[in-house]
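Printed here is structure-v7.pdb (PDB, C-alpha atoms, pLDDT in the B column):
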ATOM      1  CA  MET A  20     160.310 -96.146  82.617  1.00 35.00           C
ATOM      2  CA  THR A  21     161.950 -93.204  80.936  1.00 37.00           C
ATOM      3  CA  GLU A  22     165.356 -94.034  79.518  1.00 36.00           C
ATOM      4  CA  PRO A  23     168.371 -92.218  81.010  1.00 36.00           C
ATOM      5  CA  GLY A  24     169.616 -89.310  78.947  1.00 38.00           C
ATOM      6  CA  GLU A  25     166.244 -88.482  77.362  1.00 39.00           C
ATOM      7  CA  GLY A  26     166.027 -85.120  79.105  1.00 44.00           C
ATOM      8  CA  GLY A  27     167.239 -81.616  79.519  1.00 49.00           C
ATOM      9  CA  ALA A  28     165.381 -78.414  79.940  1.00 48.00           C
ATOM     10  CA  PRO A  29     164.371 -76.673  76.710  1.00 46.00           C
ATOM     11  CA  GLY A  30     166.165 -73.437  75.926  1.00 53.00           C
ATOM     12  CA  GLY A  31     169.000 -74.264  78.323  1.00 74.00           C
ATOM     13  CA  GLU A  32     166.977 -73.311  81.423  1.00 89.00           C
ATOM     14  CA  PRO A  33     167.437 -75.708  84.374  1.00 95.00           C
ATOM     15  CA  ILE A  34     164.493 -77.896  85.350  1.00 97.00           C
ATOM     16  CA  ARG A  35     163.080 -76.432  88.577  1.00 97.00           C
ATOM     17  CA  VAL A  36     162.351 -79.189  91.115  1.00 98.00           C
ATOM     18  CA  LEU A  37     160.439 -79.151  94.409  1.00 98.00           C
ATOM     19  CA  ILE A  38     161.134 -82.054  96.818  1.00 97.00           C
ATOM     20  CA  VAL A  39     158.329 -83.074  99.181  1.00 96.00           C
ATOM     21  CA  ASP A  40     158.890 -85.690 101.907  1.00 95.00           C
ATOM     22  CA  ASP A  41     158.421 -85.726 105.664  1.00 93.00           C
ATOM     23  CA  HIS A  42     161.777 -87.497 106.178  1.00 92.00           C
ATOM     24  CA  GLU A  43     164.667 -85.020 106.142  1.00 93.00           C
ATOM     25  CA  LEU A  44     167.203 -87.725 105.235  1.00 92.00           C
ATOM     26  CA  ILE A  45     165.264 -88.618 102.072  1.00 91.00           C
ATOM     27  CA  ARG A  46     164.911 -84.953 101.112  1.00 94.00           C
ATOM     28  CA  ARG A  47     168.652 -84.425 101.584  1.00 94.00           C
ATOM     29  CA  SER A  48     169.548 -87.516  99.551  1.00 92.00           C
ATOM     30  CA  LEU A  49     167.315 -86.461  96.670  1.00 94.00           C
ATOM     31  CA  ALA A  50     168.556 -82.868  96.803  1.00 95.00           C
ATOM     32  CA  LEU A  51     172.200 -83.967  96.689  1.00 94.00           C
ATOM     33  CA  ALA A  52     171.582 -86.320  93.762  1.00 93.00           C
ATOM     34  CA  LEU A  53     169.736 -83.651  91.785  1.00 95.00           C
ATOM     35  CA  ALA A  54     172.068 -80.787  92.684  1.00 92.00           C
ATOM     36  CA  ALA A  55     174.908 -82.654  90.961  1.00 92.00           C
ATOM     37  CA  GLU A  56     173.063 -82.325  87.636  1.00 95.00           C
ATOM     38  CA  PRO A  57     173.824 -79.128  85.672  1.00 95.00           C
ATOM     39  CA  ASP A  58     170.378 -79.060  84.046  1.00 96.00           C
ATOM     40  CA  ILE A  59     168.392 -79.467  87.302  1.00 97.00           C
ATOM     41  CA  ASP A  60     167.831 -76.863  90.019  1.00 97.00           C
ATOM     42  CA  VAL A  61     166.262 -77.814  93.371  1.00 97.00           C
ATOM     43  CA  VAL A  62     164.228 -74.703  94.184  1.00 97.00           C
ATOM     44  CA  GLY A  63     162.586 -75.847  97.405  1.00 97.00           C
ATOM     45  CA  GLU A  64     161.818 -78.568  99.930  1.00 97.00           C
ATOM     46  CA  ALA A  65     158.620 -79.261 101.871  1.00 96.00           C
ATOM     47  CA  SER A  66     157.937 -81.662 104.750  1.00 95.00           C
ATOM     48  CA  ASP A  67     154.175 -82.078 104.233  1.00 94.00           C
ATOM     49  CA  GLY A  68     151.498 -81.650 101.602  1.00 94.00           C
ATOM     50  CA  GLN A  69     150.157 -78.333 102.853  1.00 94.00           C
ATOM     51  CA  GLU A  70     153.619 -76.750 102.751  1.00 96.00           C
ATOM     52  CA  ALA A  71     154.139 -78.282  99.295  1.00 96.00           C
ATOM     53  CA  VAL A  72     151.062 -76.559  97.855  1.00 96.00           C
ATOM     54  CA  GLU A  73     152.109 -73.215  99.355  1.00 96.00           C
ATOM     55  CA  LEU A  74     155.681 -73.531  98.016  1.00 96.00           C
ATOM     56  CA  ALA A  75     154.558 -74.672  94.577  1.00 97.00           C
ATOM     57  CA  ASP A  76     152.273 -71.655  94.281  1.00 95.00           C
ATOM     58  CA  ARG A  77     155.198 -69.359  95.089  1.00 96.00           C
ATOM     59  CA  LEU A  78     158.090 -71.145  93.341  1.00 96.00           C
ATOM     60  CA  MET A  79     156.320 -72.456  90.210  1.00 96.00           C
ATOM     61  CA  PRO A  80     158.425 -75.649  89.922  1.00 97.00           C
ATOM     62  CA  ASP A  81     158.568 -77.625  86.679  1.00 96.00           C
ATOM     63  CA  VAL A  82     158.591 -80.953  88.543  1.00 96.00           C
ATOM     64  CA  ALA A  83     157.645 -81.984  92.098  1.00 97.00           C
ATOM     65  CA  LEU A  84     158.895 -85.188  93.741  1.00 96.00           C
ATOM     66  CA  MET A  85     156.049 -86.042  96.097  1.00 94.00           C
ATOM     67  CA  ASP A  86     155.797 -88.533  98.965  1.00 92.00           C
ATOM     68  CA  VAL A  87     152.379 -90.163  99.398  1.00 89.00           C
ATOM     69  CA  ARG A  88     152.200 -90.617 103.189  1.00 87.00           C
ATOM     70  CA  MET A  89     152.762 -87.340 105.050  1.00 90.00           C
ATOM     71  CA  PRO A  90     151.311 -85.479 108.056  1.00 85.00           C
ATOM     72  CA  ARG A  91     148.828 -82.582 107.820  1.00 84.00           C
ATOM     73  CA  GLN A  92     148.101 -83.279 104.146  1.00 91.00           C
ATOM     74  CA  ASP A  93     149.061 -86.375 102.189  1.00 92.00           C
ATOM     75  CA  GLY A  94     150.662 -86.441  98.754  1.00 92.00           C
ATOM     76  CA  ILE A  95     147.436 -87.253  96.906  1.00 92.00           C
ATOM     77  CA  GLU A  96     145.648 -84.168  98.231  1.00 94.00           C
ATOM     78  CA  ALA A  97     148.766 -82.047  97.719  1.00 95.00           C
ATOM     79  CA  THR A  98     148.941 -83.240  94.115  1.00 94.00           C
ATOM     80  CA  LYS A  99     145.350 -82.125  93.556  1.00 93.00           C
ATOM     81  CA  GLY A 100     146.151 -78.757  95.106  1.00 94.00           C
ATOM     82  CA  ILE A 101     149.263 -78.195  93.008  1.00 95.00           C
ATOM     83  CA  ARG A 102     147.554 -79.279  89.794  1.00 90.00           C
ATOM     84  CA  ALA A 103     144.782 -76.765  90.524  1.00 90.00           C
ATOM     85  CA  SER A 104     147.070 -73.819  91.301  1.00 92.00           C
ATOM     86  CA  VAL A 105     150.116 -74.596  89.105  1.00 93.00           C
ATOM     87  CA  PRO A 106     148.872 -76.904  86.311  1.00 90.00           C
ATOM     88  CA  SER A 107     152.202 -76.752  84.481  1.00 90.00           C
ATOM     89  CA  THR A 108     153.969 -78.591  87.334  1.00 95.00           C
ATOM     90  CA  ARG A 109     154.502 -82.289  86.636  1.00 93.00           C
ATOM     91  CA  ILE A 110     154.385 -84.506  89.704  1.00 93.00           C
ATOM     92  CA  ILE A 111     156.262 -87.727  90.419  1.00 92.00           C
ATOM     93  CA  MET A 112     154.979 -89.707  93.385  1.00 89.00           C
ATOM     94  CA  LEU A 113     157.907 -91.191  95.315  1.00 84.00           C
ATOM     95  CA  THR A 114     156.701 -93.743  97.852  1.00 77.00           C
ATOM     96  CA  VAL A 115     157.135 -97.124  99.503  1.00 75.00           C
ATOM     97  CA  SER A 116     153.577 -98.075  98.542  1.00 64.00           C
ATOM     98  CA  ASP A 117     152.916-100.217  95.489  1.00 62.00           C
ATOM     99  CA  GLU A 118     149.230-100.681  96.338  1.00 66.00           C
ATOM    100  CA  GLU A 119     146.930-100.456  93.327  1.00 65.00           C
ATOM    101  CA  GLU A 120     144.625 -98.009  95.102  1.00 70.00           C
ATOM    102  CA  ASP A 121     147.425 -95.556  95.902  1.00 74.00           C
ATOM    103  CA  LEU A 122     148.722 -95.771  92.331  1.00 77.00           C
ATOM    104  CA  PHE A 123     145.301 -95.202  90.794  1.00 76.00           C
ATOM    105  CA  GLU A 124     144.433 -92.344  93.162  1.00 82.00           C
ATOM    106  CA  ALA A 125     147.762 -90.673  92.355  1.00 82.00           C
ATOM    107  CA  ILE A 126     147.090 -90.853  88.612  1.00 79.00           C
ATOM    108  CA  LYS A 127     143.534 -89.565  89.054  1.00 79.00           C
ATOM    109  CA  ALA A 128     144.887 -86.689  91.161  1.00 84.00           C
ATOM    110  CA  GLY A 129     147.126 -85.693  88.256  1.00 83.00           C
ATOM    111  CA  ALA A 130     150.489 -87.356  88.968  1.00 87.00           C
ATOM    112  CA  THR A 131     152.588 -87.965  85.869  1.00 84.00           C
ATOM    113  CA  GLY A 132     154.919 -90.561  87.373  1.00 83.00           C
ATOM    114  CA  TYR A 133     155.098 -93.042  90.216  1.00 83.00           C
ATOM    115  CA  LEU A 134     158.415 -94.287  91.614  1.00 83.00           C
ATOM    116  CA  LEU A 135     159.015 -96.645  94.513  1.00 81.00           C
ATOM    117  CA  LYS A 136     161.537 -95.512  97.107  1.00 78.00           C
ATOM    118  CA  ASP A 137     163.743 -98.524  96.420  1.00 79.00           C
ATOM    119  CA  VAL A 138     164.637 -96.899  93.085  1.00 81.00           C
ATOM    120  CA  GLN A 139     168.350 -96.245  92.594  1.00 84.00           C
ATOM    121  CA  ILE A 140     169.054 -92.635  93.551  1.00 87.00           C
ATOM    122  CA  ASN A 141     171.095 -92.231  90.362  1.00 86.00           C
ATOM    123  CA  ASP A 142     167.935 -92.959  88.327  1.00 88.00           C
ATOM    124  CA  VAL A 143     166.003 -90.014  89.779  1.00 92.00           C
ATOM    125  CA  PRO A 144     167.543 -87.260  87.582  1.00 94.00           C
ATOM    126  CA  ALA A 145     166.626 -89.198  84.418  1.00 91.00           C
ATOM    127  CA  ALA A 146     163.098 -89.632  85.799  1.00 90.00           C
ATOM    128  CA  VAL A 147     162.817 -85.873  86.379  1.00 94.00           C
ATOM    129  CA  ARG A 148     164.020 -85.146  82.831  1.00 93.00           C
ATOM    130  CA  GLY A 149     161.627 -87.669  81.290  1.00 88.00           C
ATOM    131  CA  VAL A 150     158.572 -86.376  83.131  1.00 88.00           C
ATOM    132  CA  HIS A 151     159.550 -82.789  82.310  1.00 89.00           C
ATOM    133  CA  GLU A 152     159.548 -83.783  78.629  1.00 84.00           C
ATOM    134  CA  GLY A 153     156.038 -85.195  78.928  1.00 78.00           C
ATOM    135  CA  GLN A 154     156.705 -88.889  79.509  1.00 77.00           C
ATOM    136  CA  SER A 155     154.609 -90.851  81.987  1.00 73.00           C
ATOM    137  CA  LEU A 156     156.808 -92.659  84.454  1.00 74.00           C
ATOM    138  CA  ILE A 157     155.531 -96.014  85.684  1.00 72.00           C
ATOM    139  CA  ASN A 158     157.582 -99.187  85.810  1.00 64.00           C
ATOM    140  CA  PRO A 159     156.234-102.306  84.004  1.00 60.00           C
ATOM    141  CA  ALA A 160     155.080-104.078  87.178  1.00 64.00           C
ATOM    142  CA  MET A 161     153.070-101.073  88.306  1.00 67.00           C
ATOM    143  CA  ALA A 162     151.760-100.484  84.783  1.00 65.00           C
ATOM    144  CA  ALA A 163     150.277-103.985  84.904  1.00 62.00           C
ATOM    145  CA  LYS A 164     148.486-103.114  88.157  1.00 66.00           C
ATOM    146  CA  LEU A 165     147.237 -99.878  86.635  1.00 67.00           C
ATOM    147  CA  ILE A 166     145.852-101.725  83.616  1.00 62.00           C
ATOM    148  CA  THR A 167     143.936-104.002  85.998  1.00 66.00           C
ATOM    149  CA  GLU A 168     142.439-100.921  87.652  1.00 66.00           C
ATOM    150  CA  PHE A 169     141.541 -99.463  84.234  1.00 65.00           C
ATOM    151  CA  ALA A 170     139.793-102.719  83.351  1.00 61.00           C
ATOM    152  CA  ASN A 171     137.792-102.625  86.600  1.00 66.00           C
ATOM    153  CA  MET A 172     136.899 -99.002  85.933  1.00 62.00           C
ATOM    154  CA  SER A 173     135.869 -99.844  82.364  1.00 57.00           C
ATOM    155  CA  ARG A 174     133.452-102.505  83.604  1.00 61.00           C
ATOM    156  CA  LYS A 175     131.900-100.137  86.144  1.00 61.00           C
ATOM    157  CA  GLU A 176     131.603 -97.267  83.673  1.00 55.00           C
ATOM    158  CA  SER A 177     129.851 -99.490  81.112  1.00 55.00           C
ATOM    159  CA  GLU A 178     126.805 -99.411  83.413  1.00 58.00           C
ATOM    160  CA  ARG A 179     126.740 -95.609  83.632  1.00 58.00           C
ATOM    161  CA  PRO A 180     124.340 -93.609  81.428  1.00 58.00           C
ATOM    162  CA  PRO A 181     126.035 -91.714  78.544  1.00 54.00           C
ATOM    163  CA  GLN A 182     127.252 -88.199  79.360  1.00 58.00           C
ATOM    164  CA  LEU A 183     127.885 -85.166  77.161  1.00 59.00           C
ATOM    165  CA  PRO A 184     129.551 -85.697  73.767  1.00 70.00           C
ATOM    166  CA  VAL A 185     133.317 -86.136  74.084  1.00 72.00           C
ATOM    167  CA  PRO A 186     135.998 -84.797  71.718  1.00 83.00           C
ATOM    168  CA  ARG A 187     136.706 -87.038  68.733  1.00 87.00           C
ATOM    169  CA  LEU A 188     140.167 -88.539  68.336  1.00 92.00           C
ATOM    170  CA  THR A 189     141.500 -89.815  65.027  1.00 94.00           C
ATOM    171  CA  GLU A 190     141.928 -93.537  64.466  1.00 94.00           C
ATOM    172  CA  ARG A 191     145.707 -93.181  64.862  1.00 96.00           C
ATOM    173  CA  GLU A 192     145.317 -91.171  68.065  1.00 95.00           C
ATOM    174  CA  MET A 193     143.093 -93.913  69.469  1.00 94.00           C
ATOM    175  CA  GLU A 194     145.730 -96.505  68.538  1.00 94.00           C
ATOM    176  CA  VAL A 195     148.341 -94.498  70.430  1.00 94.00           C
ATOM    177  CA  LEU A 196     146.046 -94.081  73.445  1.00 92.00           C
ATOM    178  CA  ARG A 197     145.356 -97.833  73.592  1.00 89.00           C
ATOM    179  CA  LEU A 198     149.093 -98.511  73.708  1.00 90.00           C
ATOM    180  CA  VAL A 199     149.596 -95.842  76.369  1.00 87.00           C
ATOM    181  CA  ALA A 200     146.939 -97.664  78.407  1.00 83.00           C
ATOM    182  CA  LYS A 201     149.041-100.826  78.130  1.00 80.00           C
ATOM    183  CA  GLY A 202     151.920 -99.053  79.845  1.00 76.00           C
ATOM    184  CA  MET A 203     154.058 -98.528  76.733  1.00 83.00           C
ATOM    185  CA  ASN A 204     156.465 -95.602  76.462  1.00 83.00           C
ATOM    186  CA  ASN A 205     156.984 -93.520  73.301  1.00 88.00           C
ATOM    187  CA  ARG A 206     159.792 -95.711  72.023  1.00 89.00           C
ATOM    188  CA  GLU A 207     157.721 -98.895  72.382  1.00 91.00           C
ATOM    189  CA  ILE A 208     154.683 -97.279  70.752  1.00 92.00           C
ATOM    190  CA  ALA A 209     156.811 -96.059  67.836  1.00 94.00           C
ATOM    191  CA  LYS A 210     158.154 -99.578  67.283  1.00 95.00           C
ATOM    192  CA  GLN A 211     154.680-101.118  67.509  1.00 94.00           C
ATOM    193  CA  LEU A 212     153.147 -98.695  64.993  1.00 95.00           C
ATOM    194  CA  PHE A 213     156.207 -98.367  62.714  1.00 95.00           C
ATOM    195  CA  ILE A 214     156.405 -94.598  63.206  1.00 95.00           C
ATOM    196  CA  SER A 215     159.006 -92.262  64.726  1.00 94.00           C
ATOM    197  CA  GLU A 216     159.138 -91.275  68.397  1.00 92.00           C
ATOM    198  CA  ASN A 217     158.574 -87.651  67.388  1.00 93.00           C
ATOM    199  CA  THR A 218     155.381 -88.672  65.602  1.00 95.00           C
ATOM    200  CA  VAL A 219     154.222 -90.473  68.753  1.00 94.00           C
ATOM    201  CA  LYS A 220     154.972 -87.349  70.810  1.00 91.00           C
ATOM    202  CA  ASN A 221     152.929 -85.258  68.371  1.00 95.00           C
ATOM    203  CA  HIS A 222     149.994 -87.674  68.608  1.00 95.00           C
ATOM    204  CA  VAL A 223     150.137 -87.615  72.429  1.00 92.00           C
ATOM    205  CA  ARG A 224     150.283 -83.812  72.407  1.00 91.00           C
ATOM    206  CA  ASN A 225     147.243 -83.660  70.107  1.00 94.00           C
ATOM    207  CA  ILE A 226     145.341 -86.096  72.330  1.00 93.00           C
ATOM    208  CA  LEU A 227     146.036 -83.992  75.433  1.00 90.00           C
ATOM    209  CA  ASP A 228     145.103 -80.778  73.613  1.00 90.00           C
ATOM    210  CA  LYS A 229     141.797 -82.210  72.381  1.00 91.00           C
ATOM    211  CA  LEU A 230     140.890 -83.629  75.795  1.00 88.00           C
ATOM    212  CA  GLN A 231     142.245 -80.547  77.628  1.00 85.00           C
ATOM    213  CA  LEU A 232     144.319 -82.712  79.956  1.00 82.00           C
ATOM    214  CA  HIS A 233     147.908 -82.590  81.169  1.00 75.00           C
ATOM    215  CA  SER A 234     149.217 -86.171  81.279  1.00 79.00           C
ATOM    216  CA  ARG A 235     149.001 -89.420  79.334  1.00 82.00           C
ATOM    217  CA  MET A 236     147.520 -91.367  82.224  1.00 77.00           C
ATOM    218  CA  GLU A 237     144.878 -88.698  82.818  1.00 80.00           C
ATOM    219  CA  ALA A 238     143.925 -89.162  79.168  1.00 85.00           C
ATOM    220  CA  VAL A 239     143.534 -92.915  79.667  1.00 83.00           C
ATOM    221  CA  VAL A 240     141.405 -92.409  82.788  1.00 79.00           C
ATOM    222  CA  TYR A 241     139.231 -89.924  80.895  1.00 82.00           C
ATOM    223  CA  ALA A 242     138.909 -92.197  77.842  1.00 83.00           C
ATOM    224  CA  VAL A 243     137.871 -95.163  79.985  1.00 79.00           C
ATOM    225  CA  ARG A 244     135.416 -93.071  82.000  1.00 77.00           C
ATOM    226  CA  GLU A 245     133.816 -91.670  78.839  1.00 79.00           C
ATOM    227  CA  ARG A 246     133.783 -95.114  77.194  1.00 77.00           C
ATOM    228  CA  MET A 247     136.071 -94.037  74.372  1.00 82.00           C
ATOM    229  CA  LEU A 248     138.350 -96.890  75.367  1.00 78.00           C
ATOM    230  CA  GLU A 249     137.604-100.395  76.597  1.00 72.00           C
ATOM    231  CA  ILE A 250     140.235-102.318  78.548  1.00 64.00           C
ATOM    232  CA  THR A 251     139.692-105.970  79.305  1.00 58.00           C
TER
END

Structure translated into structure tokens:
Amino acid sequence: MTEPGEGGAPGGEPIRVLIVDDHELIRRSLALALAAEPDIDVVGEASDGQEAVELADRLMPDVALMDVRMPRQDGIEATKGIRASVPSTRIIMLTVSDEEEDLFEAIKAGATGYLLKDVQINDVPAAVRGVHEGQSLINPAMAAKLITEFANMSRKESERPPQLPVPRLTEREMEVLRLVAKGMNNREIAKQLFISENTVKNHVRNILDKLQLHSRMEAVVYAVRERMLEIT
């Protein structure tokens, strides 16, 4: 999970946040917690996925806090819609579900983070800052479940015929990607490889640029699918 205090909007501009949940009490609680932060601006609230996509297209939020289970359109489909229309928006799924399938579908849809609703409300601003900076946000227990899903995917994809050539990553970039797939954050990767956090960030940025993707977990999914990466 992203460490508190690792955030802040670049250039002094507040981080624009959209809150999406069908429970008004949860929306209000999140809005109050975020409104108290000088570097975060809640620009809108939506009660279902369809409204979320419409608002995101109009408001261009930096970060969306997205419930998974909602009427009319669920959070997974809304995430796909927002990623298609506003690819710069980073999405944190906020849900009561810790099921592997929901987690994996959220990551495949383009979510950058995944928080359970039992998270301390005071931790949410730090989560928003971290995701805005490019961190993936998954707690260790859920990372372990995600790794299991990656391993299952790796086994299935090993039986698929080769596809088009994929972009080449350097040996160091592959090392970083393997550690990302293990659920490590930038600080842990830096310690493991004896390099600085800034160097890790640069490697992650290069990986995403080469693969033309937007999040670390998307890169892992892509690398497993294209058999660049094997997870056992």

Once the PyMOL selection byres ((chain A and resi 188) around 9) has been applied to the shown file, what residues remain in the selection, as a PDB file with C-alpha atoms, in the coordinates of the input?
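Saved result, expr-v7.pdb, follows:
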ATOM      1  CA  PRO A 186     135.998 -84.797  71.718  1.00 83.00           C
ATOM      2  CA  ARG A 187     136.706 -87.038  68.733  1.00 87.00           C
ATOM      3  CA  THR A 189     141.500 -89.815  65.027  1.00 94.00           C
ATOM      4  CA  GLU A 190     141.928 -93.537  64.466  1.00 94.00           C
ATOM      5  CA  ARG A 191     145.707 -93.181  64.862  1.00 96.00           C
ATOM      6  CA  GLU A 192     145.317 -91.171  68.065  1.00 95.00           C
ATOM      7  CA  MET A 193     143.093 -93.913  69.469  1.00 94.00           C
ATOM      8  CA  ASN A 225     147.243 -83.660  70.107  1.00 94.00           C
ATOM      9  CA  ILE A 226     145.341 -86.096  72.330  1.00 93.00           C
ATOM     10  CA  LYS A 229     141.797 -82.210  72.381  1.00 91.00           C
ATOM     11  CA  LEU A 230     140.890 -83.629  75.795  1.00 88.00           C
TER      12      LEU A 230
END

Once the PyMOL selection byres ((chain A and resi 41) around 8) has been evaluated on this model, what residues remain selected, and can you format them as a list in words?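 What the PyMOL selection byres ((chain A and resi 41) around 8) grabs from the file is Val39, Asp40, His42, Glu43, Arg46, Ala65, Ser66, Asp67, Asp86, Met89 and Pro90 of chain A.
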
Write out as a PyMOL selection string the residues lying within 8 Å of Met85 in chain A, counting only C-alpha atoms and excluding same-chain residues fewer than 3 positions away. chain A and resi 38-40+94+98+110-114

Using the file's own x, y and z axes, so that the box edges lie along x, y and z, what centre and edge lengths in Å (one decimal) does a box around every listed atom of range 127-140 of chain A get when 6 Å is added on each side? Give it as JSON.
{"center_x": 156.3, "center_y": -92.1, "center_z": 91.5, "size_x": 37.5, "size_y": 24.8, "size_z": 23.2}

Who sits within 8 Å of range 233-236 of chain A, all atoms listed in the file, same chain under 2 positions skipped, as an mmCIF file with C-alpha atoms, in the frame of the given file:
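Result written to result_10.cif:
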data_model
loop_
_atom_site.group_PDB
_atom_site.id
_atom_site.type_symbol
_atom_site.label_atom_id
_atom_site.label_comp_id
_atom_site.auth_asym_id
_atom_site.auth_seq_id
_atom_site.Cartn_x
_atom_site.Cartn_y
_atom_site.Cartn_z
ATOM 1 C CA PRO A 106 148.872 -76.904 86.311
ATOM 2 C CA SER A 107 152.202 -76.752 84.481
ATOM 3 C CA ILE A 126 147.090 -90.853 88.612
ATOM 4 C CA GLY A 129 147.126 -85.693 88.256
ATOM 5 C CA ALA A 130 150.489 -87.356 88.968
ATOM 6 C CA THR A 131 152.588 -87.965 85.869
ATOM 7 C CA GLY A 153 156.038 -85.195 78.928
ATOM 8 C CA GLN A 154 156.705 -88.889 79.509
ATOM 9 C CA SER A 155 154.609 -90.851 81.987
ATOM 10 C CA VAL A 199 149.596 -95.842 76.369
ATOM 11 C CA ALA A 200 146.939 -97.664 78.407
ATOM 12 C CA VAL A 223 150.137 -87.615 72.429
ATOM 13 C CA LEU A 227 146.036 -83.992 75.433
ATOM 14 C CA GLN A 231 142.245 -80.547 77.628
ATOM 15 C CA ALA A 238 143.925 -89.162 79.168
ATOM 16 C CA VAL A 239 143.534 -92.915 79.667
ATOM 17 C CA VAL A 240 141.405 -92.409 82.788
#

Polymer residues at most 12 Å from Gln139 in chain A, only C-alpha atoms, same-chain spacing of 6 or more positions, as a PyMOL selection string: chain A and resi 48-49+52+113+145-146

Taking the file above as input, evaluate the PyMOL selection byres ((chain A and resi 137) around 12) and report the hits as JSON, numbers by chain. {"A": [45, 113, 114, 115, 116, 117, 133, 134, 135, 136, 138, 139, 140, 141, 142, 143]}

Please produce an output containing C-alpha atoms for each residue in the selection, written as a PDB file, keeping the file's coordinate frame.
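Wrote it out as part37.pdb, contents follow:
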ATOM      1  CA  ILE A  45     165.264 -88.618 102.072  1.00 91.00           C
ATOM      2  CA  LEU A 113     157.907 -91.191  95.315  1.00 84.00           C
ATOM      3  CA  THR A 114     156.701 -93.743  97.852  1.00 77.00           C
ATOM      4  CA  VAL A 115     157.135 -97.124  99.503  1.00 75.00           C
ATOM      5  CA  SER A 116     153.577 -98.075  98.542  1.00 64.00           C
ATOM      6  CA  ASP A 117     152.916-100.217  95.489  1.00 62.00           C
ATOM      7  CA  TYR A 133     155.098 -93.042  90.216  1.00 83.00           C
ATOM      8  CA  LEU A 134     158.415 -94.287  91.614  1.00 83.00           C
ATOM      9  CA  LEU A 135     159.015 -96.645  94.513  1.00 81.00           C
ATOM     10  CA  LYS A 136     161.537 -95.512  97.107  1.00 78.00           C
ATOM     11  CA  VAL A 138     164.637 -96.899  93.085  1.00 81.00           C
ATOM     12  CA  GLN A 139     168.350 -96.245  92.594  1.00 84.00           C
ATOM     13  CA  ILE A 140     169.054 -92.635  93.551  1.00 87.00           C
ATOM     14  CA  ASN A 141     171.095 -92.231  90.362  1.00 86.00           C
ATOM     15  CA  ASP A 142     167.935 -92.959  88.327  1.00 88.00           C
ATOM     16  CA  VAL A 143     166.003 -90.014  89.779  1.00 92.00           C
TER      17      VAL A 143
END

Please compute the CA of Gly100 in chain A-CA of Ala71 in chain A distance, one decimal, in Å.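 Interatomic distance, CA of Gly100 in chain A to CA of Ala71 in chain A: 9.0 Å.
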